[in-house]
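Q: Sharing query-v8.pdb (PDB, C-alpha atoms and all ligand atoms) below.
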ATOM      1  CA  MET F   1       0.000   0.000   0.000  1.00  0.00           C
ATOM      2  CA  SER F   2       1.422   3.332  -1.042  1.00  0.00           C
ATOM      3  CA  ASN F   3       0.122   6.547   0.554  1.00  0.00           C
ATOM      4  CA  ASN F   4      -2.402   8.461  -1.505  1.00  0.00           C
ATOM      5  CA  CYS F   5      -2.396   5.941  -4.329  1.00  0.00           C
ATOM      6  CA  ILE F   6      -5.891   5.733  -5.767  1.00  0.00           C
ATOM      7  CA  PHE F   7      -5.416   2.166  -7.036  1.00  0.00           C
ATOM      8  CA  CYS F   8      -4.076   0.993  -3.630  1.00  0.00           C
ATOM      9  CA  LYS F   9      -7.245   2.484  -2.132  1.00  0.00           C
ATOM     10  CA  ILE F  10      -9.350   0.555  -4.642  1.00  0.00           C
ATOM     11  CA  ILE F  11      -7.489  -2.660  -3.789  1.00  0.00           C
ATOM     12  CA  GLY F  12      -8.078  -1.950  -0.082  1.00  0.00           C
ATOM     13  CA  ASN F  13     -11.774  -1.189  -0.731  1.00  0.00           C
ATOM     14  CA  GLU F  14     -11.355   2.352   0.632  1.00  0.00           C
ATOM     15  CA  ILE F  15     -12.630   3.580  -2.741  1.00  0.00           C
ATOM     16  CA  SER F  16     -15.360   1.704  -4.554  1.00  0.00           C
ATOM     17  CA  SER F  17     -14.987   0.327  -8.036  1.00  0.00           C
ATOM     18  CA  VAL F  18     -16.883  -1.886 -10.441  1.00  0.00           C
ATOM     19  CA  SER F  19     -15.016  -5.183 -10.418  1.00  0.00           C
ATOM     20  CA  LEU F  20     -14.669  -7.566 -13.348  1.00  0.00           C
ATOM     21  CA  TYR F  21     -12.171 -10.042 -11.922  1.00  0.00           C
ATOM     22  CA  GLU F  22     -10.160 -10.655  -8.771  1.00  0.00           C
ATOM     23  CA  ASP F  23      -7.587 -13.228  -7.621  1.00  0.00           C
ATOM     24  CA  ASP F  24      -4.745 -13.279  -5.057  1.00  0.00           C
ATOM     25  CA  ASP F  25      -2.529 -11.001  -7.170  1.00  0.00           C
ATOM     26  CA  PHE F  26      -4.763  -8.825  -9.350  1.00  0.00           C
ATOM     27  CA  LYS F  27      -8.019  -6.967  -9.613  1.00  0.00           C
ATOM     28  CA  VAL F  28      -9.593  -5.873 -12.893  1.00  0.00           C
ATOM     29  CA  ILE F  29     -12.057  -2.982 -12.697  1.00  0.00           C
ATOM     30  CA  MET F  30     -14.082  -0.862 -15.072  1.00  0.00           C
ATOM     31  CA  ASP F  31     -12.245   2.368 -15.929  1.00  0.00           C
ATOM     32  CA  ILE F  32     -14.084   5.340 -14.400  1.00  0.00           C
ATOM     33  CA  SER F  33     -13.535   7.500 -17.475  1.00  0.00           C
ATOM     34  CA  PRO F  34     -13.662   5.017 -20.345  1.00  0.00           C
ATOM     35  CA  ALA F  35     -12.301   5.519 -23.850  1.00  0.00           C
ATOM     36  CA  ALA F  36     -15.142   3.198 -24.869  1.00  0.00           C
ATOM     37  CA  LYS F  37     -17.797   1.240 -22.969  1.00  0.00           C
ATOM     38  CA  GLY F  38     -16.182  -1.842 -21.439  1.00  0.00           C
ATOM     39  CA  HIS F  39     -12.773  -0.122 -21.008  1.00  0.00           C
ATOM     40  CA  ALA F  40     -11.207  -1.896 -18.023  1.00  0.00           C
ATOM     41  CA  VAL F  41      -7.919  -1.762 -16.120  1.00  0.00           C
ATOM     42  CA  LEU F  42      -5.946  -4.586 -14.525  1.00  0.00           C
ATOM     43  CA  ILE F  43      -4.283  -3.557 -11.254  1.00  0.00           C
ATOM     44  CA  PRO F  44      -1.790  -5.704  -9.303  1.00  0.00           C
ATOM     45  CA  LYS F  45      -2.583  -5.874  -5.584  1.00  0.00           C
ATOM     46  CA  LYS F  46       1.036  -4.975  -4.743  1.00  0.00           C
ATOM     47  CA  HIS F  47       1.997  -1.373  -5.440  1.00  0.00           C
ATOM     48  CA  PHE F  48       4.498  -0.926  -8.280  1.00  0.00           C
ATOM     49  CA  ALA F  49       4.662   2.594  -9.704  1.00  0.00           C
ATOM     50  CA  ASN F  50       5.332   1.215 -13.174  1.00  0.00           C
ATOM     51  CA  LEU F  51       6.664  -1.776 -15.112  1.00  0.00           C
ATOM     52  CA  PHE F  52      10.265  -0.927 -14.191  1.00  0.00           C
ATOM     53  CA  GLU F  53       9.476  -1.619 -10.523  1.00  0.00           C
ATOM     54  CA  MET F  54       7.477  -4.803 -11.029  1.00  0.00           C
ATOM     55  CA  ASP F  55       8.881  -8.066  -9.621  1.00  0.00           C
ATOM     56  CA  GLU F  56       9.401 -11.031 -11.933  1.00  0.00           C
ATOM     57  CA  ASN F  57       6.868 -13.247 -10.152  1.00  0.00           C
ATOM     58  CA  THR F  58       4.045 -10.728 -10.667  1.00  0.00           C
ATOM     59  CA  ALA F  59       5.189  -9.957 -14.218  1.00  0.00           C
ATOM     60  CA  SER F  60       5.080 -13.659 -15.086  1.00  0.00           C
ATOM     61  CA  LYS F  61       1.418 -13.874 -14.081  1.00  0.00           C
ATOM     62  CA  VAL F  62       0.054 -10.718 -15.695  1.00  0.00           C
ATOM     63  CA  PHE F  63      -0.676 -11.940 -19.201  1.00  0.00           C
ATOM     64  CA  VAL F  64      -2.524 -15.059 -18.082  1.00  0.00           C
ATOM     65  CA  VAL F  65      -5.115 -12.746 -16.524  1.00  0.00           C
ATOM     66  CA  VAL F  66      -4.976 -10.230 -19.386  1.00  0.00           C
ATOM     67  CA  ALA F  67      -5.786 -12.975 -21.895  1.00  0.00           C
ATOM     68  CA  LYS F  68      -8.705 -14.333 -19.823  1.00  0.00           C
ATOM     69  CA  VAL F  69     -10.304 -10.928 -19.327  1.00  0.00           C
ATOM     70  CA  ALA F  70      -9.661  -9.734 -22.895  1.00  0.00           C
ATOM     71  CA  LYS F  71     -11.391 -12.824 -24.292  1.00  0.00           C
ATOM     72  CA  ALA F  72     -14.408 -12.285 -22.018  1.00  0.00           C
ATOM     73  CA  ILE F  73     -14.698  -8.606 -23.024  1.00  0.00           C
ATOM     74  CA  LYS F  74     -14.435  -9.479 -26.719  1.00  0.00           C
ATOM     75  CA  GLU F  75     -16.995 -12.258 -26.414  1.00  0.00           C
ATOM     76  CA  GLU F  76     -19.526 -10.192 -24.469  1.00  0.00           C
ATOM     77  CA  LEU F  77     -19.243  -6.885 -26.341  1.00  0.00           C
ATOM     78  CA  ASN F  78     -18.574  -8.449 -29.728  1.00  0.00           C
ATOM     79  CA  CYS F  79     -16.156  -5.588 -30.399  1.00  0.00           C
ATOM     80  CA  ASP F  80     -14.193  -5.594 -33.668  1.00  0.00           C
ATOM     81  CA  GLY F  81     -10.845  -5.375 -31.857  1.00  0.00           C
ATOM     82  CA  LEU F  82      -9.301  -4.566 -28.490  1.00  0.00           C
ATOM     83  CA  ASN F  83      -6.192  -2.626 -27.500  1.00  0.00           C
ATOM     84  CA  ILE F  84      -4.048  -3.691 -24.559  1.00  0.00           C
ATOM     85  CA  LEU F  85      -2.206  -0.564 -23.463  1.00  0.00           C
ATOM     86  CA  GLN F  86       0.214   0.078 -20.626  1.00  0.00           C
ATOM     87  CA  ASN F  87       1.782   3.490 -19.912  1.00  0.00           C
ATOM     88  CA  ASN F  88       5.037   3.929 -17.973  1.00  0.00           C
ATOM     89  CA  GLY F  89       5.965   7.457 -16.902  1.00  0.00           C
ATOM     90  CA  GLU F  90       4.336  10.821 -17.395  1.00  0.00           C
ATOM     91  CA  ALA F  91       6.013  11.214 -20.804  1.00  0.00           C
ATOM     92  CA  ALA F  92       4.269   8.019 -21.897  1.00  0.00           C
ATOM     93  CA  GLY F  93       0.869   9.270 -20.762  1.00  0.00           C
ATOM     94  CA  GLN F  94       0.753   7.639 -17.318  1.00  0.00           C
ATOM     95  CA  THR F  95      -1.469   9.573 -14.906  1.00  0.00           C
ATOM     96  CA  VAL F  96      -1.977   7.008 -12.117  1.00  0.00           C
ATOM     97  CA  PHE F  97       1.392   5.872 -10.787  1.00  0.00           C
ATOM     98  CA  HIS F  98       0.398   2.344  -9.810  1.00  0.00           C
ATOM     99  CA  PHE F  99       1.097  -0.128 -12.634  1.00  0.00           C
ATOM    100  CA  HIS F 100      -1.990  -0.960 -14.670  1.00  0.00           C
ATOM    101  CA  ILE F 101      -2.953  -2.388 -18.036  1.00  0.00           C
ATOM    102  CA  HIS F 102      -5.803  -0.960 -20.096  1.00  0.00           C
ATOM    103  CA  PHE F 103      -8.282  -3.086 -22.048  1.00  0.00           C
ATOM    104  CA  ILE F 104      -9.908  -0.858 -24.663  1.00  0.00           C
ATOM    105  CA  PRO F 105     -12.665  -2.354 -26.840  1.00  0.00           C
ATOM    106  CA  ARG F 106     -12.401  -1.117 -30.426  1.00  0.00           C
ATOM    107  CA  TYR F 107     -14.882  -0.789 -33.279  1.00  0.00           C
ATOM    108  CA  TYR F 108     -14.524   0.086 -36.921  1.00  0.00           C
ATOM    109  CA  LYS F 109     -15.139   3.821 -37.174  1.00  0.00           C
ATOM    110  CA  ASP F 110     -14.861   4.480 -33.416  1.00  0.00           C
ATOM    111  CA  SER F 111     -13.277   7.705 -32.176  1.00  0.00           C
ATOM    112  CA  VAL F 112     -10.499   6.167 -30.067  1.00  0.00           C
ATOM    113  CA  ASP F 113      -7.102   7.408 -31.254  1.00  0.00           C
ATOM    114  CA  ILE F 114      -4.016   5.310 -30.471  1.00  0.00           C
ATOM    115  CA  THR F 115      -1.686   6.193 -33.325  1.00  0.00           C
ATOM    116  CA  TRP F 116       1.827   7.501 -33.879  1.00  0.00           C
ATOM    117  CA  GLY F 117       3.961   8.904 -36.680  1.00  0.00           C
ATOM    118  CA  HIS F 118       6.885   6.918 -38.068  1.00  0.00           C
ATOM    119  CA  ASP F 119      10.573   7.707 -37.476  1.00  0.00           C
ATOM    120  CA  ARG F 120      13.437   6.324 -39.644  1.00  0.00           C
ATOM    121  CA  TYR F 121      16.811   4.755 -38.805  1.00  0.00           C
ATOM    122  CA  GLY F 122      20.064   5.867 -40.364  1.00  0.00           C
ATOM    123  CA  GLU F 123      22.471   3.278 -41.821  1.00  0.00           C
ATOM    124  CA  GLY F 124      23.404   0.776 -39.064  1.00  0.00           C
ATOM    125  CA  GLU F 125      21.510   2.710 -36.396  1.00  0.00           C
ATOM    126  CA  ALA F 126      18.909   0.016 -35.601  1.00  0.00           C
ATOM    127  CA  GLU F 127      21.738  -2.534 -35.204  1.00  0.00           C
ATOM    128  CA  SER F 128      23.802  -0.346 -32.856  1.00  0.00           C
ATOM    129  CA  ILE F 129      20.806   0.611 -30.701  1.00  0.00           C
ATOM    130  CA  ALA F 130      19.801  -3.071 -30.546  1.00  0.00           C
ATOM    131  CA  GLU F 131      23.347  -4.111 -29.570  1.00  0.00           C
ATOM    132  CA  ALA F 132      23.398  -1.592 -26.701  1.00  0.00           C
ATOM    133  CA  ILE F 133      19.969  -2.665 -25.425  1.00  0.00           C
ATOM    134  CA  ARG F 134      20.826  -6.385 -25.751  1.00  0.00           C
ATOM    135  CA  ALA F 135      23.799  -5.872 -23.426  1.00  0.00           C
ATOM    136  CA  ARG F 136      21.422  -4.631 -20.718  1.00  0.00           C
ATOM    137  CA  ILE F 137      18.857  -7.446 -20.877  1.00  0.00           C
ATOM    138  CA  VAL F 138      19.359  -9.533 -17.745  1.00  0.00           C
TER     139      VAL F 138
HETATM  140  P1  LIG F 201      -3.060   6.082 -17.255  1.00  0.00           P
HETATM  141  O1  LIG F 201      -3.297   7.388 -17.970  1.00  0.00           O
HETATM  142  O2  LIG F 201      -2.507   5.005 -18.115  1.00  0.00           O
HETATM  143  O3  LIG F 201      -2.279   6.285 -15.970  1.00  0.00           O
HETATM  144  O4  LIG F 201      -4.512   5.572 -16.864  1.00  0.00           O
HETATM  145  C1  LIG F 201      -5.145   5.813 -15.667  1.00  0.00           C
HETATM  146  C2  LIG F 201      -6.566   5.365 -15.827  1.00  0.00           C
HETATM  147  O5  LIG F 201      -7.148   5.210 -14.547  1.00  0.00           O
HETATM  148  C3  LIG F 201      -7.449   6.365 -16.587  1.00  0.00           C
HETATM  149  O6  LIG F 201      -8.018   5.714 -17.728  1.00  0.00           O
HETATM  150  C4  LIG F 201      -8.499   6.757 -15.562  1.00  0.00           C
HETATM  151  O7  LIG F 201      -9.760   6.968 -16.129  1.00  0.00           O
HETATM  152  C5  LIG F 201      -8.495   5.566 -14.630  1.00  0.00           C
HETATM  153  N1  LIG F 201      -8.962   5.864 -13.273  1.00  0.00           N
HETATM  154  C6  LIG F 201      -8.574   6.870 -12.467  1.00  0.00           C
HETATM  155  N2  LIG F 201      -9.219   6.812 -11.297  1.00  0.00           N
HETATM  156  C7  LIG F 201     -10.026   5.731 -11.351  1.00  0.00           C
HETATM  157  C8  LIG F 201     -10.964   5.142 -10.453  1.00  0.00           C
HETATM  158  N3  LIG F 201     -11.209   5.647  -9.249  1.00  0.00           N
HETATM  159  N4  LIG F 201     -11.636   4.034 -10.852  1.00  0.00           N
HETATM  160  C9  LIG F 201     -11.409   3.516 -12.081  1.00  0.00           C
HETATM  161  N5  LIG F 201     -10.536   4.023 -12.980  1.00  0.00           N
HETATM  162  C10 LIG F 201      -9.865   5.117 -12.621  1.00  0.00           C
HETATM  163 ZN    ZN F 202      -0.746   1.870  -5.393  1.00  0.00          ZN
END
Could you spell out this file's structure in structure tokens?
A:
Amino acid sequence: MSNNCIFCKIIGNEISSVSLYEDDDFKVIMDISPAAKGHAVLIPKKHFANLFEMDENTASKVFVVVAKVAKAIKEELNCDGLNILQNNGEAAGQTVFHFHIHFIPRYYKDSVDITWGHDRYGEGEAESIAEAIRARIV
């Protein structure tokens, strides 16, 4: 539990939420300000500000739950697609600093905008950036 963390308060039932799923490690709730109806967020019960702080045991379990919930949302809403989105850091759009994963139902011709422009690599640049990152993967 981290002081003044809204998601810790939801986990501790100090703040109410509409729950979709709960187990020993995670809760999935309906997002209070949805990009589309059915937008949900998965929240680990332990407080990690972001992915960089998350322990390997929790990280190894996340996608099992994400897959279960995503399939249920898709089945029930019959949406055309679904984005799984996870922001780390203010620069990446994170506003609640307790790790979470968004489930955003998508429809042809909806007004949700998750797009980016496209940068280009110079000669050999992708290889040298990859080499430097590879050396840090532990
Ligand atoms: P992010 O911008 O990735 O940090 O996303 C934070 C998300 O948390 C936003 O989509 C908010 O709408 C959602 N949110 C904030 N407070 C609550 C709350 N009390 N219950 C449910 N969702 C919330
Ligand atoms: Zn928290």
Q: Could you name the residues that touch F:Gly89 at 10 Å or less, counting all atoms listed in the file, but leaving out those on the same chain fewer than 2 positions away, as a ChimeraX atom specification?
A: /F:49-52,87,91-97,99
Q: Would you pick out the contacts of F:Cys79 at 12 Å or less, using all atoms listed in the file, so that residues sharing its chain but fewer than 6 positions from it are not included, and give the list as number ranges by chain?
A: F: 36-39, 70-73, 103-110
Q: Produce the centre coordinates and the three edge lengths, each in Å to one decimal, of the box along x, y and z that contains all listed atoms of stretch 49-60 of chain F with 3 Å added on each side, as JSON.
A:
{"center_x": 7.2, "center_y": -5.5, "center_z": -12.4, "size_x": 12.2, "size_y": 22.3, "size_z": 11.5}
Q: Determine the nearest neighbour of F:Ser111 from the options F:Leu82, F:Ala35, F:Ala67, F:Cys8, counting all atoms listed in the file.
A: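 Looking at the shortest contact to F:Ser111, the residue is F:Ala35.
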Q: What residues of the protein or nucleic acid chains come within 6 Å of ligand ZN 202 (chain F) when you use only C-alpha atoms and all ligand atoms? Reply as an NGL selection string.
A: :F and (1-2 or 5 or 7-8 or 47 or 98)
Q: Can you measure atom CA of F:Ala130 to atom CA of F:Met54 for me? One decimal in Å is fine.
A: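 The value is 23.1 Å.
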Q: Could you tell me how far atom CA of F:Arg136 sits from atom CA of F:Glu123, in Å to one decimal place?
A: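 Interatomic distance, atom CA of F:Glu123 to atom CA of F:Arg136: 22.6 Å.
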Q: Report as a VMD selection string the residues that result from applying the PyMOL selection byres (((chain F and resi 44) around 8) and not hetatm) to the structure here.
A: chain F and resid 25 to 27 42 to 43 45 to 48 58 99 to 100
Q: What is the atom C7 of ligand LIG 201 (chain F) to atom CA of F:Ser16 distance in Å?
A: 9.5 Å
Q: Hey, what comes out of the PyMOL selection byres (((chain F and resi 31) around 9) and not hetatm) on this file? Could you write it as a ChimeraX atom specification?
A: /F:17-18,29-30,32-35,38-41,102
Q: Which of these residues is nearest to ligand LIG 201 (chain F), using only C-alpha atoms and all ligand atoms: F:Thr115, F:Ser128, F:Asn13, F:Asn3?
A: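 Among F:Thr115, F:Ser128, F:Asn13, F:Asn3, it is F:Asn13 that comes nearest to ligand LIG 201 (chain F).
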Q: Smallest atom-to-atom distance to F:Val66: which of F:Glu131, F:Glu22, F:Asp80, F:Glu53, using all atoms listed in the file?
A: F:Glu22
Q: Which is closer to F:Ile101 than all the others in F:Val138, F:Ile129, F:Ile10, F:Val62, using all atoms listed in the file?
A: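 Ranked by minimum distance to F:Ile101, first place goes to F:Val62.
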